Amino acid sequence: GEGEGSNNNKNSIVILEARSRIGGRVHTETFPSRGEGIGSVDVDLGANYIHACTKDQPVFQLAVKHKIQTAVVAGGRNFEDTEVAQWYNVGSGQRIQSIDIARMHTLLWKIDSYMTRLVRKMKPEQIQKYSMASLFEVCRKSILKRFFIKAHDRGGGGERKVPTEDNSTTTTCSSSRSPADDRILTKIEEKILYKLARRAYGYVSNLEDTSLEFVRPPPGGETFSSSSSSSSSSSRFDTDDRFGSPEHVREEAQEINSKIFKSKTTLKVEAAKDDGNKGDRFVVDGYKWLINLLADKLPIQTEREVISIKDISGGASSSS
């Protein structure tokens with residue numbers, strides 16, 4: 001039958017590709033078999049995921065049609081979900097406790113809520129003048145100064161018991177920080193917070209290069225933080241005294257550990273199917289299947305760099 005990307009119209013076309021391969025950002029490398037029972041494996045160097053797997057998602061529907069092997073991402077929501085990831089200190093190699101990740105998550109939600117309220121009041125020309133990084137830093141200092149120190153003055157320090165991933169035992173986390181130190185983040189906490197922010201706003205790009213449009217929801221819309229798994233129902237996280245309190249952070253840490261444990265025990269690879277799960281999916285078969293499918297029966301010439309383009313549609317020709 002005709003390929004998914006076949007040229008069915010009467011115009012004659014040729015696709016020119018300057019590289020020696022087609023696909024652009026989609027690039028799958030095949031690692032050959034090494035013997036001893038280790039078979040070949042496809043590794044994607046570009047695209048890895050199918051996002052928002054619904055009936056309206058064309059790539060997902062093609063994956064279902066052709067039975068491409070996929071796996072629902074850990075947590076069942078978005079790719080590289082920071083609430084399901086296991087975090088490690090690259091310097092020491094030690095795993096970072098979930099309670100520390102939960103604390104930075106709730107701090108981010110509060111900063112985001114405050115930023116959203118400020119940006120909503122800005123005029124378009126003002127939004128163009130400020131970077132995400134500068135406003136984020138202003139809001140971070142404000143939130144830490146007026147909330148977190150107050151929360152820990154009410155008894156946030158000392159020993160904290162947090163359920164482990166399988167909820168069978170508890171881990172005691174001792175905090176040596178005094179209440180007055182809680183508005184000054186450690187270097188590790190700063191790295192976690194800004195990594196979370198880059199993941200949330202600019203598709204992991206630097207905040208300096210990210211527009212404030214990413215934090216400005218449509219009128220009446222939600223901030224991205226209101227889709228969090230947080231147990232708080234308030235959308236005004238920056239003024240909610242409970243949101244980010246020691247008790248709330250412990251609840252968030254428990255939720256994170258539960259998600260990590262569940263993702264370890266329920267993750268499975270199978271042919272893509274429209275089962276109602278709208279979360280992102282990891283493409284196990286390698287994304288080259290899509291490129292090969294779209295390129296089927298199309299005339300493609302590789303290593304053909306375009307030097308000039310000539311318009312001959314209107315009689316008189318012009319080139320650029």
# chains A, B, ... in the order shown; residues from 1 in each chain; ligands from 1
$ select_by_dssp --residues "range 230-319 of chain A" --states "strand (DSSP E or B)" --output "list in words"
Glu270, Ala271, Arg281, Phe282, Val283, Ile300, Gln301, Thr302, Lys310, Asp311, Ser318 and Ser319 of chain A
$ atom_distance --atom1 "CA of Gly279 in chain A" --atom2 "CA of Glu252 in chain A"
21.0 Å
$ atom_distance --atom1 "CA of Ile192 in chain A" --atom2 "CA of Ile101 in chain A"
7.3 Å
$ closest_residue --among "A:Ile309, A:Ile256, A:Leu108, A:Met115" --to "Lys195 in chain A" --atoms "only C-alpha atoms"
A:Leu108
$ residues_around --residues "Glu83 in chain A" --least-positions-apart "6" --cutoff "9 Å" --atoms "only C-alpha atoms" --output "list in words"
Gly75, Ile101, Ala102, His105, Ser229, Glu255, Ile256, Asn257, Lys259 and Ile260 of chain A
$ write_last_selection --atoms "N, CA, C and O atoms" --output "short mmCIF file (atom, residue, chain, number, x, y, z; two decimals), in the first residue's frame"
data_model
loop_
_atom_site.label_atom_id
_atom_site.label_comp_id
_atom_site.auth_asym_id
_atom_site.auth_seq_id
_atom_site.Cartn_x
_atom_site.Cartn_y
_atom_site.Cartn_z
N GLY A 75 5.25 7.80 36.45
CA GLY A 75 4.30 8.77 36.98
C GLY A 75 3.06 8.92 36.13
O GLY A 75 2.04 9.43 36.59
N ILE A 101 13.71 17.31 48.00
CA ILE A 101 13.11 17.57 46.69
C ILE A 101 11.72 18.16 46.88
O ILE A 101 11.33 19.11 46.19
N ALA A 102 10.96 17.62 47.83
CA ALA A 102 9.61 18.12 48.09
C ALA A 102 9.65 19.57 48.55
O ALA A 102 8.80 20.38 48.17
N HIS A 105 10.22 21.67 45.55
CA HIS A 105 9.02 21.67 44.71
C HIS A 105 8.01 22.68 45.23
O HIS A 105 7.46 23.48 44.47
N SER A 229 0.76 17.50 41.98
CA SER A 229 0.10 16.48 42.79
C SER A 229 -0.14 16.98 44.21
O SER A 229 -0.60 16.23 45.05
N GLU A 255 4.25 11.43 49.03
CA GLU A 255 3.65 11.25 47.71
C GLU A 255 4.73 10.94 46.67
O GLU A 255 4.56 10.08 45.79
N ILE A 256 5.85 11.63 46.74
CA ILE A 256 6.96 11.40 45.80
C ILE A 256 7.48 9.97 45.95
O ILE A 256 7.69 9.26 44.96
N ASN A 257 7.69 9.53 47.20
CA ASN A 257 8.19 8.18 47.42
C ASN A 257 7.21 7.13 46.91
O ASN A 257 7.61 6.10 46.36
N LYS A 259 5.14 7.49 44.41
CA LYS A 259 5.21 7.50 42.95
C LYS A 259 6.44 6.76 42.45
O LYS A 259 6.38 6.02 41.46
N ILE A 260 7.57 6.96 43.11
CA ILE A 260 8.80 6.28 42.71
C ILE A 260 8.63 4.77 42.84
O ILE A 260 9.00 4.00 41.95
#
$ select_by_dssp --residues "range 261-301 of chain A" --states "alpha helix (DSSP H)" --output "list in words"
Phe261, Lys262, Ser263, Lys264, Thr265, Thr266, Lys288, Trp289, Leu290, Ile291, Asn292, Leu293, Leu294 and Ala295 of chain A
$ write_last_selection --atoms "C-alpha atoms" --output "PDB file, in the first residue's frame"
ATOM      1  CA  PHE A 261       7.864   2.903  44.190  1.00  0.00           C
ATOM      2  CA  LYS A 262       4.851   2.567  41.889  1.00  0.00           C
ATOM      3  CA  SER A 263       6.873   3.465  38.792  1.00  0.00           C
ATOM      4  CA  LYS A 264       9.396   0.741  39.651  1.00  0.00           C
ATOM      5  CA  THR A 265       6.756  -1.941  40.009  1.00  0.00           C
ATOM      6  CA  THR A 266       4.270  -1.058  37.248  1.00  0.00           C
ATOM      7  CA  LYS A 288      13.553   5.960  13.225  1.00  0.00           C
ATOM      8  CA  TRP A 289      10.332   4.013  12.588  1.00  0.00           C
ATOM      9  CA  LEU A 290       8.502   7.319  12.123  1.00  0.00           C
ATOM     10  CA  ILE A 291      11.060   8.794   9.735  1.00  0.00           C
ATOM     11  CA  ASN A 292      11.140   5.607   7.670  1.00  0.00           C
ATOM     12  CA  LEU A 293       7.336   5.600   7.580  1.00  0.00           C
ATOM     13  CA  LEU A 294       7.025   9.226   6.482  1.00  0.00           C
ATOM     14  CA  ALA A 295       9.819   8.922   3.928  1.00  0.00           C
TER      15      ALA A 295
END
$ atom_distance --atom1 "CA of Ser40 in chain A" --atom2 "CA of Val73 in chain A"
23.0 Å
$ closest_residue --among "A:Ile96, A:Arg199, A:Glu190, A:Val64" --to "Lys141 in chain A" --atoms "only C-alpha atoms"
A:Glu190
$ residues_around --residues "Gly244 in chain A" --least-positions-apart "2" --cutoff "7 Å" --atoms "only C-alpha atoms" --output "PyMOL selection string"
chain A and resi 103+106-107+242+246+248-249
$ residues_around --residues "Ser20 in chain A" --least-positions-apart "4" --cutoff "12 Å" --atoms "only C-alpha atoms" --output "VMD selection string"
chain A and resid 16 24 27 300 to 305
$ write_last_selection --atoms "all heavy atoms" --output "short mmCIF file (atom, residue, chain, number, x, y, z; two decimals), in the first residue's frame"
data_model
loop_
_atom_site.label_atom_id
_atom_site.label_comp_id
_atom_site.auth_asym_id
_atom_site.auth_seq_id
_atom_site.Cartn_x
_atom_site.Cartn_y
_atom_site.Cartn_z
N LEU A 16 15.46 17.52 -0.80
CA LEU A 16 16.91 17.63 -0.71
C LEU A 16 17.32 17.73 0.75
O LEU A 16 16.79 18.54 1.50
CB LEU A 16 17.39 18.86 -1.48
CG LEU A 16 17.00 18.94 -2.96
CD1 LEU A 16 17.56 20.22 -3.58
CD2 LEU A 16 17.48 17.72 -3.72
N GLY A 24 16.60 14.98 10.60
CA GLY A 24 16.87 16.18 11.38
C GLY A 24 17.13 15.85 12.84
O GLY A 24 18.01 15.06 13.16
N HIS A 27 17.01 11.29 15.44
CA HIS A 27 18.22 10.58 15.06
C HIS A 27 18.39 9.35 15.95
O HIS A 27 18.61 9.45 17.15
CB HIS A 27 19.44 11.50 15.21
CG HIS A 27 20.72 10.88 14.73
ND1 HIS A 27 21.95 11.41 15.02
CD2 HIS A 27 20.94 9.77 13.98
CE1 HIS A 27 22.88 10.66 14.47
NE2 HIS A 27 22.30 9.66 13.84
N ILE A 300 14.00 11.28 -2.16
CA ILE A 300 14.88 12.03 -1.26
C ILE A 300 16.33 11.88 -1.71
O ILE A 300 16.80 10.78 -1.98
CB ILE A 300 14.74 11.53 0.19
CG1 ILE A 300 13.29 11.67 0.66
CG2 ILE A 300 15.68 12.30 1.13
CD1 ILE A 300 13.04 11.07 2.03
N GLN A 301 17.02 12.99 -1.80
CA GLN A 301 18.44 13.00 -2.13
C GLN A 301 19.21 13.58 -0.95
O GLN A 301 18.97 14.71 -0.54
CB GLN A 301 18.71 13.81 -3.39
CG GLN A 301 18.04 13.28 -4.65
CD GLN A 301 18.35 14.11 -5.87
OE1 GLN A 301 19.28 14.92 -5.88
NE2 GLN A 301 17.55 13.94 -6.92
N THR A 302 20.11 12.79 -0.39
CA THR A 302 20.91 13.27 0.74
C THR A 302 22.21 13.90 0.26
O THR A 302 22.60 13.76 -0.91
CB THR A 302 21.24 12.10 1.70
OG1 THR A 302 21.90 11.07 0.97
CG2 THR A 302 19.96 11.54 2.30
N GLU A 303 22.86 14.61 1.16
CA GLU A 303 24.11 15.33 0.88
C GLU A 303 23.94 16.27 -0.31
O GLU A 303 24.82 16.39 -1.16
CB GLU A 303 25.27 14.34 0.64
CG GLU A 303 25.55 13.46 1.86
CD GLU A 303 26.73 12.54 1.64
OE1 GLU A 303 26.88 12.03 0.50
OE2 GLU A 303 27.49 12.33 2.59
N ARG A 304 22.81 16.94 -0.34
CA ARG A 304 22.51 17.90 -1.41
C ARG A 304 22.17 19.24 -0.77
O ARG A 304 21.02 19.52 -0.46
CB ARG A 304 21.36 17.40 -2.29
CG ARG A 304 21.66 16.12 -3.05
CD ARG A 304 22.73 16.33 -4.11
NE ARG A 304 22.31 17.30 -5.10
CZ ARG A 304 21.64 16.99 -6.20
NH1 ARG A 304 21.30 15.74 -6.43
NH2 ARG A 304 21.30 17.94 -7.06
N GLU A 305 23.17 20.07 -0.56
CA GLU A 305 22.97 21.38 0.07
C GLU A 305 22.31 22.35 -0.91
O GLU A 305 22.71 22.42 -2.08
CB GLU A 305 24.30 21.95 0.53
CG GLU A 305 24.19 23.26 1.28
CD GLU A 305 25.52 23.74 1.78
OE1 GLU A 305 26.51 22.98 1.69
OE2 GLU A 305 25.59 24.90 2.26
#
$ closest_residue --among "A:Arg25, A:Arg95, A:Lys297, A:Arg77" --to "Asp44 in chain A" --atoms "only C-alpha atoms"
A:Arg25
$ closest_atom_pairs --of "range 232-256 of chain A" --to "range 116-130 of chain A" --cutoff "12 Å" --atoms "only C-alpha atoms" --output "Markdown table"
| residue | atom | partner | partner_atom | distance |
| --- | --- | --- | --- | --- |
| A:Ser235 | CA | A:Thr116 | CA | 10.6 |
| A:Arg236 | CA | A:Arg117 | CA | 9.0 |
| A:Phe237 | CA | A:Thr116 | CA | 10.8 |
| A:Asp238 | CA | A:Arg117 | CA | 9.6 |
| A:Thr239 | CA | A:Arg117 | CA | 11.3 |
$ closest_residue --among "A:Thr54, A:Ser258, A:Thr28, A:Ser313" --to "Ala74 in chain A" --atoms "only C-alpha atoms"
A:Ser258
$ closest_residue --among "A:Tyr49, A:Phe243, A:Tyr287, A:Phe136" --to "Val72 in chain A" --atoms "only C-alpha atoms"
A:Tyr49
$ closest_residue --among "A:Val204, A:Met104, A:Ala47, A:Ile307" --to "Leu185 in chain A" --atoms "only C-alpha atoms"
A:Met104
